[in-house]
file final_15.cif (mmCIF, C-alpha atoms)
data_entry
#
loop_
_atom_site.label_atom_id
_atom_site.label_comp_id
_atom_site.auth_asym_id
_atom_site.auth_seq_id
_atom_site.Cartn_x
_atom_site.Cartn_y
_atom_site.Cartn_z
CA MET A 435 92.08 -26.04 -96.65
CA ARG A 436 94.27 -24.42 -94.00
CA TRP A 437 93.53 -20.87 -95.22
CA ILE A 438 89.81 -21.48 -94.71
CA ASP A 439 90.45 -22.60 -91.12
CA ASP A 440 92.61 -19.50 -90.57
CA LEU A 441 89.87 -17.25 -91.97
CA ILE A 442 87.22 -18.85 -89.75
CA ASN A 443 89.46 -18.45 -86.70
CA LEU A 444 90.04 -14.81 -87.62
CA LEU A 445 86.33 -14.05 -87.98
CA PHE A 446 85.14 -16.31 -85.13
CA PRO A 447 88.13 -16.86 -82.84
CA ALA A 448 87.93 -19.95 -80.65
CA GLU A 449 88.17 -19.40 -76.92
CA CYS A 450 90.04 -21.31 -74.24
CA HIS A 451 87.61 -23.57 -72.38
CA LEU A 452 89.14 -22.51 -69.07
CA CYS A 453 89.98 -18.79 -69.15
CA GLY A 454 87.88 -17.65 -72.11
CA HIS A 455 90.74 -15.88 -73.89
CA SER A 456 91.03 -16.18 -77.66
CA LEU A 457 93.22 -19.06 -78.76
CA GLY A 458 96.31 -18.53 -80.88
CA PRO A 459 96.87 -20.14 -84.29
CA HIS A 460 98.51 -23.24 -82.81
CA GLU A 461 96.26 -23.62 -79.76
CA ARG A 462 93.19 -25.85 -79.53
CA PHE A 463 90.56 -25.85 -76.76
CA ILE A 464 92.98 -24.70 -74.05
CA CYS A 465 95.61 -21.97 -74.14
CA LEU A 466 99.25 -22.58 -73.28
CA PRO A 467 99.14 -20.66 -69.95
CA CYS A 468 96.15 -22.76 -68.81
CA ILE A 469 97.90 -25.97 -69.88
CA GLU A 470 100.79 -25.04 -67.61
CA THR A 471 98.48 -24.55 -64.62
CA LEU A 472 96.83 -27.98 -64.84
CA PRO A 473 97.68 -29.93 -61.66
CA ARG A 474 100.10 -32.71 -62.63
CA THR A 475 100.72 -35.62 -60.27
CA GLY A 476 104.25 -36.55 -61.34
CA TYR A 477 103.38 -40.18 -60.49
CA HIS A 478 105.22 -41.50 -63.58
CA ARG A 479 108.50 -40.46 -61.95
CA HIS A 480 107.93 -42.43 -58.76
CA HIS A 481 107.56 -46.14 -58.05
CA ARG A 482 105.05 -47.17 -55.38
CA ASN A 483 103.00 -44.07 -56.15
CA PRO A 484 99.30 -44.02 -55.12
CA MET A 485 98.17 -45.46 -58.47
CA GLU A 486 100.52 -48.41 -58.16
CA GLU A 487 99.52 -48.99 -54.54
CA LYS A 488 95.85 -49.00 -55.51
CA PHE A 489 96.29 -51.92 -57.93
CA ALA A 490 99.12 -53.82 -56.23
CA GLY A 491 98.29 -57.48 -55.65
CA HIS A 492 95.14 -57.55 -57.81
CA PHE A 493 96.75 -58.45 -61.15
CA PRO A 494 100.25 -58.26 -62.68
CA PHE A 495 101.38 -54.91 -64.07
CA VAL A 496 104.65 -53.05 -64.59
CA ASP A 497 103.88 -49.40 -63.84
CA ALA A 498 100.85 -47.23 -63.17
CA THR A 499 100.28 -43.49 -63.33
CA GLY A 500 97.58 -40.87 -63.43
CA HIS A 501 98.64 -37.65 -65.09
CA PHE A 502 96.47 -34.92 -63.55
CA PHE A 503 94.81 -34.51 -60.17
CA TYR A 504 91.03 -34.32 -60.39
CA SER A 505 88.52 -32.74 -58.07
CA LYS A 506 85.03 -31.44 -58.76
CA ASP A 507 86.10 -27.82 -58.38
CA SER A 508 89.32 -28.09 -60.40
CA SER A 509 89.97 -26.63 -63.83
CA LEU A 510 90.46 -30.15 -65.14
CA ALA A 511 86.87 -31.01 -64.15
CA GLN A 512 85.53 -28.46 -66.63
CA LEU A 513 87.61 -29.94 -69.45
CA ILE A 514 86.45 -33.46 -68.64
CA GLN A 515 82.82 -32.35 -68.43
CA ASP A 516 83.14 -30.65 -71.83
CA MET A 517 84.85 -33.73 -73.27
CA LYS A 518 82.35 -36.28 -71.98
CA TYR A 519 79.00 -34.52 -71.80
CA ARG A 520 79.12 -31.35 -73.93
CA ASN A 521 80.13 -32.92 -77.25
CA PHE A 522 83.78 -31.86 -77.35
CA PRO A 523 85.43 -35.25 -77.99
CA SER A 524 88.54 -33.65 -79.49
CA ILE A 525 89.44 -32.32 -76.05
CA GLY A 526 90.34 -35.95 -75.35
CA ASN A 527 92.76 -35.94 -78.28
CA LYS A 528 94.32 -32.69 -77.07
CA MET A 529 94.71 -33.86 -73.48
CA GLY A 530 96.14 -37.16 -74.69
CA GLU A 531 98.69 -35.29 -76.79
CA ILE A 532 99.74 -33.20 -73.79
CA ALA A 533 100.14 -36.21 -71.50
CA GLY A 534 101.75 -38.33 -74.23
CA LYS A 535 104.49 -35.78 -74.91
CA GLU A 536 105.29 -35.43 -71.21
CA LEU A 537 105.33 -39.19 -70.57
CA TYR A 538 107.42 -39.87 -73.68
CA THR A 539 109.98 -37.24 -72.71
CA ALA A 540 110.23 -38.77 -69.23
CA GLY A 541 110.83 -42.26 -70.69
CA PHE A 542 107.64 -43.78 -69.30
CA LEU A 543 106.55 -44.96 -72.75
CA SER A 544 109.94 -46.04 -74.07
CA ASP A 545 109.13 -49.77 -74.05
CA VAL A 546 105.40 -49.56 -74.92
CA ASP A 547 104.40 -51.42 -78.10
CA LEU A 548 100.66 -50.71 -78.21
CA ILE A 549 98.04 -48.47 -76.61
CA VAL A 550 94.78 -50.11 -75.49
CA PRO A 551 91.83 -47.86 -74.51
CA VAL A 552 89.28 -49.00 -71.95
CA PRO A 553 86.08 -49.54 -73.99
CA MET A 554 82.53 -48.33 -73.38
CA HIS A 555 79.47 -50.50 -73.77
CA PHE A 556 78.16 -50.45 -77.35
CA TRP A 557 74.84 -48.79 -76.52
CA LYS A 558 76.41 -46.12 -74.33
CA GLN A 559 78.96 -45.27 -77.00
CA ALA A 560 76.25 -45.17 -79.66
CA LYS A 561 74.24 -42.74 -77.52
CA ARG A 562 77.23 -40.46 -76.84
CA GLY A 563 78.66 -40.83 -80.33
CA TYR A 564 82.21 -41.52 -79.24
CA ASN A 565 84.35 -43.09 -76.53
CA GLN A 566 86.38 -40.31 -74.89
CA THR A 567 88.99 -42.82 -73.74
CA GLU A 568 89.66 -43.79 -77.36
CA ARG A 569 90.17 -40.09 -78.11
CA ILE A 570 92.70 -39.80 -75.27
CA ALA A 571 94.50 -42.92 -76.50
CA GLN A 572 94.63 -41.51 -80.04
CA GLY A 573 96.08 -38.25 -78.72
CA ILE A 574 98.86 -40.19 -76.99
CA SER A 575 99.43 -42.09 -80.23
CA ASP A 576 99.57 -38.89 -82.29
CA SER A 577 102.29 -37.45 -80.04
CA THR A 578 104.36 -40.65 -79.74
CA GLY A 579 103.75 -42.76 -82.83
CA ILE A 580 102.66 -45.76 -80.72
CA PRO A 581 99.69 -47.54 -82.39
CA VAL A 582 96.25 -47.84 -80.77
CA VAL A 583 94.59 -51.27 -80.68
CA ASN A 584 91.00 -51.84 -79.55
CA ALA A 585 91.75 -55.14 -77.87
CA LEU A 586 88.84 -55.20 -75.39
CA LYS A 587 85.07 -54.96 -75.47
CA MET A 588 82.56 -54.38 -72.68
CA ILE A 589 80.03 -57.18 -72.83
CA HIS A 590 77.31 -55.79 -70.58
CA GLN A 591 76.45 -52.44 -69.07
CA ARG A 592 77.69 -51.72 -65.61
CA LYS A 593 75.27 -51.18 -62.77
CA THR A 594 75.25 -47.74 -61.17
CA GLN A 595 78.27 -47.24 -58.91
CA THR A 596 77.16 -44.20 -56.92
CA SER A 597 76.18 -45.86 -53.64
CA LEU A 598 78.69 -48.72 -53.74
CA SER A 599 81.80 -49.17 -51.61
CA ARG A 600 85.18 -49.68 -53.29
CA ALA A 601 84.99 -53.44 -52.70
CA GLN A 602 81.51 -53.54 -54.23
CA ARG A 603 82.68 -51.48 -57.22
CA LEU A 604 85.57 -53.85 -57.82
CA ALA A 605 83.19 -56.80 -57.74
CA ASN A 606 80.83 -54.89 -60.05
CA ALA A 607 83.62 -54.62 -62.64
CA GLU A 608 84.37 -58.36 -62.66
CA GLY A 609 83.48 -59.89 -66.00
CA LEU A 610 82.67 -56.56 -67.66
CA PHE A 611 85.41 -56.89 -70.26
CA VAL A 612 86.64 -59.61 -72.60
CA SER A 613 89.31 -59.77 -75.26
CA ARG A 614 88.16 -59.19 -78.84
CA GLY A 615 90.19 -62.24 -79.84
CA ASN A 616 91.45 -60.78 -83.10
CA ILE A 617 94.95 -59.93 -81.90
CA ASP A 618 97.60 -61.67 -79.81
CA LEU A 619 99.12 -59.37 -77.18
CA ASN A 620 101.34 -61.99 -75.55
CA GLY A 621 104.90 -60.73 -75.28
CA LYS A 622 103.78 -57.12 -75.86
CA THR A 623 104.07 -54.18 -73.50
CA ILE A 624 100.82 -52.23 -73.64
CA LEU A 625 99.61 -48.97 -72.16
CA LEU A 626 96.06 -49.40 -70.84
CA VAL A 627 94.32 -46.00 -71.01
CA ASP A 628 91.33 -44.70 -69.05
CA ASP A 629 89.92 -41.19 -68.65
CA ILE A 630 89.52 -40.84 -64.89
CA CYS A 631 90.38 -43.16 -62.01
CA THR A 632 88.51 -42.94 -58.71
CA THR A 633 88.23 -46.35 -57.04
CA GLY A 634 90.09 -48.01 -59.91
CA ALA A 635 87.31 -50.55 -60.46
CA THR A 636 86.91 -49.95 -64.20
CA MET A 637 90.61 -49.94 -65.00
CA GLY A 638 91.14 -52.92 -62.71
CA GLY A 639 88.45 -54.91 -64.49
CA ALA A 640 89.94 -54.11 -67.90
CA ALA A 641 93.50 -54.89 -66.79
CA LYS A 642 92.44 -58.20 -65.25
CA ALA A 643 90.64 -59.19 -68.46
CA LEU A 644 93.82 -58.52 -70.45
CA ALA A 645 95.98 -60.41 -67.95
CA ASP A 646 93.62 -63.42 -68.07
CA ALA A 647 93.46 -63.43 -71.87
CA PHE A 648 97.18 -62.85 -72.44
CA PRO A 649 99.34 -64.32 -69.64
CA GLY A 650 102.51 -63.08 -71.38
CA ILE A 651 101.42 -59.44 -71.52
CA ARG A 652 103.21 -56.57 -69.77
CA GLN A 653 100.83 -53.82 -68.71
CA LYS A 654 101.40 -50.19 -67.91
CA LEU A 655 98.33 -48.39 -66.57
CA PHE A 656 97.51 -44.79 -67.42
CA SER A 657 94.62 -42.59 -66.40
CA LEU A 658 94.33 -39.03 -67.64
CA ALA A 659 93.00 -37.93 -64.25
CA VAL A 660 93.04 -39.37 -60.74
CA ALA A 661 90.62 -38.60 -57.92
CA PHE A 662 91.64 -40.39 -54.74
#

call {"tool": "encode", "arguments": {"input": "final_15.cif", "output": "structure tokens"}}
result
Amino acid sequence: MRWIDDLINLLFPAECHLCGHSLGPHERFICLPCIETLPRTGYHRHHRNPMEEKFAGHFPFVDATGHFFYSKDSSLAQLIQDMKYRNFPSIGNKMGEIAGKELYTAGFLSDVDLIVPVPMHFWKQAKRGYNQTERIAQGISDSTGIPVVNALKMIHQRKTQTSLSRAQRLANAEGLFVSRGNIDLNGKTILLVDDICTTGATMGGAAKALADAFPGIRQKLFSLAVAF
């Protein structure tokens, strides 16, 4: 019941994950002032942005964007660490809602039929308990009404990427993903969603798998954060 939630928040007020201030009744995980300070890229407003240039020529796609700049000392890094490693999966939903509203208002999602999250390997997801990228995708869906479809699966675990060059990482992502085969995406415009893009190997592998499985697909690429 809502009144129980309100009572709990009154007795044990939740705090913003960034500034530590108590959250208001309609705030979750991050306060409105901190949301405003998150470093947005604005890539969705510009063609030939760095995300598009990163993937150009590797597989067909329509648009590509990353919503927030990421660096290890940024405020966004703390949110992503909490989301992925400190058991706060709902931060993904919240961040997806924020990005989804802003992209929808700008018209970036106007022709998108379905949202497809980049999957995790089964064992890794079982260990963590959730796929944060699915949570981000669901947040976008909640703020736009666009359905989420789990159209891909990761068929084997990826080798460690730490010491690899970008070319080696791209090769490492080849064959990681396959279509689930239970849905036909041909003729659809989909938004492929990932949590953070560095070299682009993971998103590139997922996008190529979709392009190979569905030659008639139109892909838009979205990453919550970009670290170039």

call {"tool": "residues_near_point", "arguments": {"input": "final_15.cif", "point": "(99.6, -48.3, -82.3)", "cutoff": "10 Å", "atoms": "only C-alpha atoms", "output": "short mmCIF file (atom, residue, chain, number, x, y, z; two decimals) with C-alpha atoms, in the frame of the given file"}}
result
data_model
loop_
_atom_site.label_atom_id
_atom_site.label_comp_id
_atom_site.auth_asym_id
_atom_site.auth_seq_id
_atom_site.Cartn_x
_atom_site.Cartn_y
_atom_site.Cartn_z
CA VAL A 546 105.40 -49.56 -74.92
CA ASP A 547 104.40 -51.42 -78.10
CA LEU A 548 100.66 -50.71 -78.21
CA ILE A 549 98.04 -48.47 -76.61
CA VAL A 550 94.78 -50.11 -75.49
CA ALA A 571 94.50 -42.92 -76.50
CA GLN A 572 94.63 -41.51 -80.04
CA ILE A 574 98.86 -40.19 -76.99
CA SER A 575 99.43 -42.09 -80.23
CA ASP A 576 99.57 -38.89 -82.29
CA THR A 578 104.36 -40.65 -79.74
CA GLY A 579 103.75 -42.76 -82.83
CA ILE A 580 102.66 -45.76 -80.72
CA PRO A 581 99.69 -47.54 -82.39
CA VAL A 582 96.25 -47.84 -80.77
CA VAL A 583 94.59 -51.27 -80.68
CA ASN A 584 91.00 -51.84 -79.55
CA ILE A 624 100.82 -52.23 -73.64
#

call {"tool": "closest_residue", "arguments": {"input": "final_15.cif", "among": "A:Phe556, A:Phe611, A:Phe495, A:Phe463", "to": "Gln653 of chain A", "atoms": "all atoms listed in the file"}}
result
A:Phe495

call {"tool": "atom_distance", "arguments": {"input": "final_15.cif", "atom1": "atom CA of Pro473 of chain A", "atom2": "atom CA of Ala511 of chain A"}}
result
11.1 Å

call {"tool": "atom_distance", "arguments": {"input": "final_15.cif", "atom1": "atom CA of Thr636 of chain A", "atom2": "atom CA of Met588 of chain A"}}
result
10.5 Å

call {"tool": "resolve_selection", "arguments": {"input": "final_15.cif", "expression": "the PyMOL selection byres ((chain A and resi 585) around 10)", "output": "list in words"}}
result
Leu548, Ile549, Val550, Pro551, Val552, Pro553, Val582, Val583, Asn584, Leu586, Lys587, Val612, Ser613, Arg614, Gly615, Asn616, Ile617, Asp618, Leu619 and Leu644 of chain A

call {"tool": "closest_residue", "arguments": {"input": "final_15.cif", "among": "A:Thr499, A:Gln515, A:Asn483, A:Ser657", "to": "Thr567 of chain A", "atoms": "all atoms listed in the file"}}
result
A:Ser657

call {"tool": "closest_residue", "arguments": {"input": "final_15.cif", "among": "A:Lys561, A:Lys518, A:Leu452, A:Gly638", "to": "Ala490 of chain A", "atoms": "all atoms listed in the file"}}
result
A:Gly638

call {"tool": "closest_residue", "arguments": {"input": "final_15.cif", "among": "A:Ser509, A:Ser524, A:Asn620, A:Ser577", "to": "Thr539 of chain A", "atoms": "all atoms listed in the file"}}
result
A:Ser577

call {"tool": "closest_residue", "arguments": {"input": "final_15.cif", "among": "A:Arg562, A:Cys465, A:Phe542, A:Ala645", "to": "Lys622 of chain A", "atoms": "all atoms listed in the file"}}
result
A:Ala645

call {"tool": "residues_around", "arguments": {"input": "final_15.cif", "residues": "Tyr504 of chain A", "least_positions_apart": "4", "cutoff": "8 Å", "atoms": "all atoms listed in the file", "output": "PyMOL selection string"}}
result
chain A and resi 508+510-511+659-661

call {"tool": "closest_residue", "arguments": {"input": "final_15.cif", "among": "A:Leu537, A:Cys450, A:Leu610, A:Ile514", "to": "Ala635 of chain A", "atoms": "all atoms listed in the file"}}
result
A:Leu610

call {"tool": "atom_distance", "arguments": {"input": "final_15.cif", "atom1": "atom CA of Ile630 of chain A", "atom2": "atom CA of Leu658 of chain A"}}
result
5.8 Å

call {"tool": "residues_around", "arguments": {"input": "final_15.cif", "residues": "Tyr477 of chain A", "least_positions_apart": "6", "cutoff": "8 Å", "atoms": "only C-alpha atoms", "output": "PyMOL selection string"}}
result
chain A and resi 483-485+498-501

call {"tool": "residues_around", "arguments": {"input": "final_15.cif", "residues": "Gly526 of chain A", "least_positions_apart": "5", "cutoff": "8 Å", "atoms": "all atoms listed in the file", "output": "NGL selection string"}}
result
:A and (517 or 566-567 or 569-570 or 573)

call {"tool": "write_last_selection", "arguments": {"input": "final_15.cif", "atoms": "C-alpha atoms", "output": "mmCIF file, in the frame of the given file"}}
result
data_model
loop_
_atom_site.group_PDB
_atom_site.id
_atom_site.type_symbol
_atom_site.label_atom_id
_atom_site.label_comp_id
_atom_site.auth_asym_id
_atom_site.auth_seq_id
_atom_site.Cartn_x
_atom_site.Cartn_y
_atom_site.Cartn_z
ATOM 1 C CA MET A 517 84.850 -33.730 -73.270
ATOM 2 C CA GLN A 566 86.380 -40.310 -74.890
ATOM 3 C CA THR A 567 88.990 -42.820 -73.740
ATOM 4 C CA ARG A 569 90.170 -40.090 -78.110
ATOM 5 C CA ILE A 570 92.700 -39.800 -75.270
ATOM 6 C CA GLY A 573 96.080 -38.250 -78.720
#

call {"tool": "axis_aligned_box", "arguments": {"input": "final_15.cif", "around": "segment 561-573 of chain A", "padding_each_side": "8 Å", "output": "lines of an AutoDock Vina configuration file"}}
result
center_x = 85.2
center_y = -41.0
center_z = -77.0
size_x = 37.8
size_y = 21.5
size_z = 22.6

call {"tool": "decode", "arguments": {"input": "final_15.cif", "residues": "segment 532-551 of chain A", "atoms": "N, CA, C and O atoms", "output": "PDB file, in the first residue's frame"}}
result
ATOM      1  N   ILE A 532      14.818   8.277 -17.197  1.00  0.00           N
ATOM      2  CA  ILE A 532      15.346   9.621 -17.447  1.00  0.00           C
ATOM      3  C   ILE A 532      15.744   9.772 -18.913  1.00  0.00           C
ATOM      4  O   ILE A 532      15.335  10.716 -19.602  1.00  0.00           O
ATOM      5  N   ALA A 533      16.547   8.825 -19.407  1.00  0.00           N
ATOM      6  CA  ALA A 533      17.006   8.895 -20.791  1.00  0.00           C
ATOM      7  C   ALA A 533      15.834   8.745 -21.761  1.00  0.00           C
ATOM      8  O   ALA A 533      15.769   9.449 -22.778  1.00  0.00           O
ATOM      9  N   GLY A 534      14.918   7.823 -21.459  1.00  0.00           N
ATOM     10  CA  GLY A 534      13.789   7.589 -22.347  1.00  0.00           C
ATOM     11  C   GLY A 534      12.943   8.832 -22.540  1.00  0.00           C
ATOM     12  O   GLY A 534      12.548   9.167 -23.668  1.00  0.00           O
ATOM     13  N   LYS A 535      12.648   9.542 -21.467  1.00  0.00           N
ATOM     14  CA  LYS A 535      11.853  10.768 -21.567  1.00  0.00           C
ATOM     15  C   LYS A 535      12.554  11.809 -22.436  1.00  0.00           C
ATOM     16  O   LYS A 535      11.932  12.463 -23.275  1.00  0.00           O
ATOM     17  N   GLU A 536      13.862  11.958 -22.233  1.00  0.00           N
ATOM     18  CA  GLU A 536      14.601  12.970 -22.976  1.00  0.00           C
ATOM     19  C   GLU A 536      14.719  12.606 -24.453  1.00  0.00           C
ATOM     20  O   GLU A 536      14.589  13.466 -25.335  1.00  0.00           O
ATOM     21  N   LEU A 537      14.939  11.326 -24.755  1.00  0.00           N
ATOM     22  CA  LEU A 537      15.027  10.891 -26.151  1.00  0.00           C
ATOM     23  C   LEU A 537      13.669  10.980 -26.844  1.00  0.00           C
ATOM     24  O   LEU A 537      13.582  11.359 -28.019  1.00  0.00           O
ATOM     25  N   TYR A 538      12.611  10.623 -26.122  1.00  0.00           N
ATOM     26  CA  TYR A 538      11.263  10.664 -26.707  1.00  0.00           C
ATOM     27  C   TYR A 538      10.857  12.100 -27.031  1.00  0.00           C
ATOM     28  O   TYR A 538      10.320  12.383 -28.106  1.00  0.00           O
ATOM     29  N   THR A 539      11.154  13.012 -26.111  1.00  0.00           N
ATOM     30  CA  THR A 539      10.836  14.420 -26.334  1.00  0.00           C
ATOM     31  C   THR A 539      11.581  14.972 -27.542  1.00  0.00           C
ATOM     32  O   THR A 539      11.036  15.789 -28.299  1.00  0.00           O
ATOM     33  N   ALA A 540      12.810  14.511 -27.735  1.00  0.00           N
ATOM     34  CA  ALA A 540      13.631  14.986 -28.855  1.00  0.00           C
ATOM     35  C   ALA A 540      13.278  14.321 -30.178  1.00  0.00           C
ATOM     36  O   ALA A 540      13.803  14.708 -31.223  1.00  0.00           O
ATOM     37  N   GLY A 541      12.398  13.309 -30.157  1.00  0.00           N
ATOM     38  CA  GLY A 541      11.985  12.638 -31.389  1.00  0.00           C
ATOM     39  C   GLY A 541      12.862  11.476 -31.806  1.00  0.00           C
ATOM     40  O   GLY A 541      12.616  10.857 -32.845  1.00  0.00           O
ATOM     41  N   PHE A 542      13.861  11.148 -30.999  1.00  0.00           N
ATOM     42  CA  PHE A 542      14.789  10.078 -31.374  1.00  0.00           C
ATOM     43  C   PHE A 542      14.105   8.719 -31.413  1.00  0.00           C
ATOM     44  O   PHE A 542      14.528   7.828 -32.144  1.00  0.00           O
ATOM     45  N   LEU A 543      13.050   8.549 -30.636  1.00  0.00           N
ATOM     46  CA  LEU A 543      12.381   7.253 -30.534  1.00  0.00           C
ATOM     47  C   LEU A 543      11.055   7.213 -31.296  1.00  0.00           C
ATOM     48  O   LEU A 543      10.303   6.251 -31.164  1.00  0.00           O
ATOM     49  N   SER A 544      10.781   8.220 -32.094  1.00  0.00           N
ATOM     50  CA  SER A 544       9.456   8.348 -32.700  1.00  0.00           C
ATOM     51  C   SER A 544       9.092   7.194 -33.626  1.00  0.00           C
ATOM     52  O   SER A 544       7.908   6.878 -33.785  1.00  0.00           O
ATOM     53  N   ASP A 545      10.079   6.559 -34.241  1.00  0.00           N
ATOM     54  CA  ASP A 545       9.794   5.471 -35.187  1.00  0.00           C
ATOM     55  C   ASP A 545      10.191   4.100 -34.645  1.00  0.00           C
ATOM     56  O   ASP A 545      10.174   3.106 -35.374  1.00  0.00           O
ATOM     57  N   VAL A 546      10.550   4.016 -33.358  1.00  0.00           N
ATOM     58  CA  VAL A 546      10.999   2.750 -32.773  1.00  0.00           C
ATOM     59  C   VAL A 546       9.802   1.877 -32.414  1.00  0.00           C
ATOM     60  O   VAL A 546       8.873   2.317 -31.740  1.00  0.00           O
ATOM     61  N   ASP A 547       9.831   0.619 -32.887  1.00  0.00           N
ATOM     62  CA  ASP A 547       8.750  -0.337 -32.605  1.00  0.00           C
ATOM     63  C   ASP A 547       9.010  -1.162 -31.348  1.00  0.00           C
ATOM     64  O   ASP A 547       8.078  -1.467 -30.602  1.00  0.00           O
ATOM     65  N   LEU A 548      10.276  -1.548 -31.137  1.00  0.00           N
ATOM     66  CA  LEU A 548      10.617  -2.452 -30.050  1.00  0.00           C
ATOM     67  C   LEU A 548      11.968  -2.078 -29.455  1.00  0.00           C
ATOM     68  O   LEU A 548      12.829  -1.526 -30.148  1.00  0.00           O
ATOM     69  N   ILE A 549      12.139  -2.402 -28.179  1.00  0.00           N
ATOM     70  CA  ILE A 549      13.409  -2.193 -27.484  1.00  0.00           C
ATOM     71  C   ILE A 549      14.041  -3.554 -27.215  1.00  0.00           C
ATOM     72  O   ILE A 549      13.391  -4.445 -26.666  1.00  0.00           O
ATOM     73  N   VAL A 550      15.308  -3.713 -27.604  1.00  0.00           N
ATOM     74  CA  VAL A 550      16.018  -4.984 -27.432  1.00  0.00           C
ATOM     75  C   VAL A 550      17.238  -4.757 -26.540  1.00  0.00           C
ATOM     76  O   VAL A 550      18.174  -4.053 -26.935  1.00  0.00           O
ATOM     77  N   PRO A 551      17.262  -5.318 -25.336  1.00  0.00           N
ATOM     78  CA  PRO A 551      18.442  -5.180 -24.477  1.00  0.00           C
ATOM     79  C   PRO A 551      19.548  -6.152 -24.876  1.00  0.00           C
ATOM     80  O   PRO A 551      19.275  -7.274 -25.325  1.00  0.00           O
TER      81      PRO A 551
END
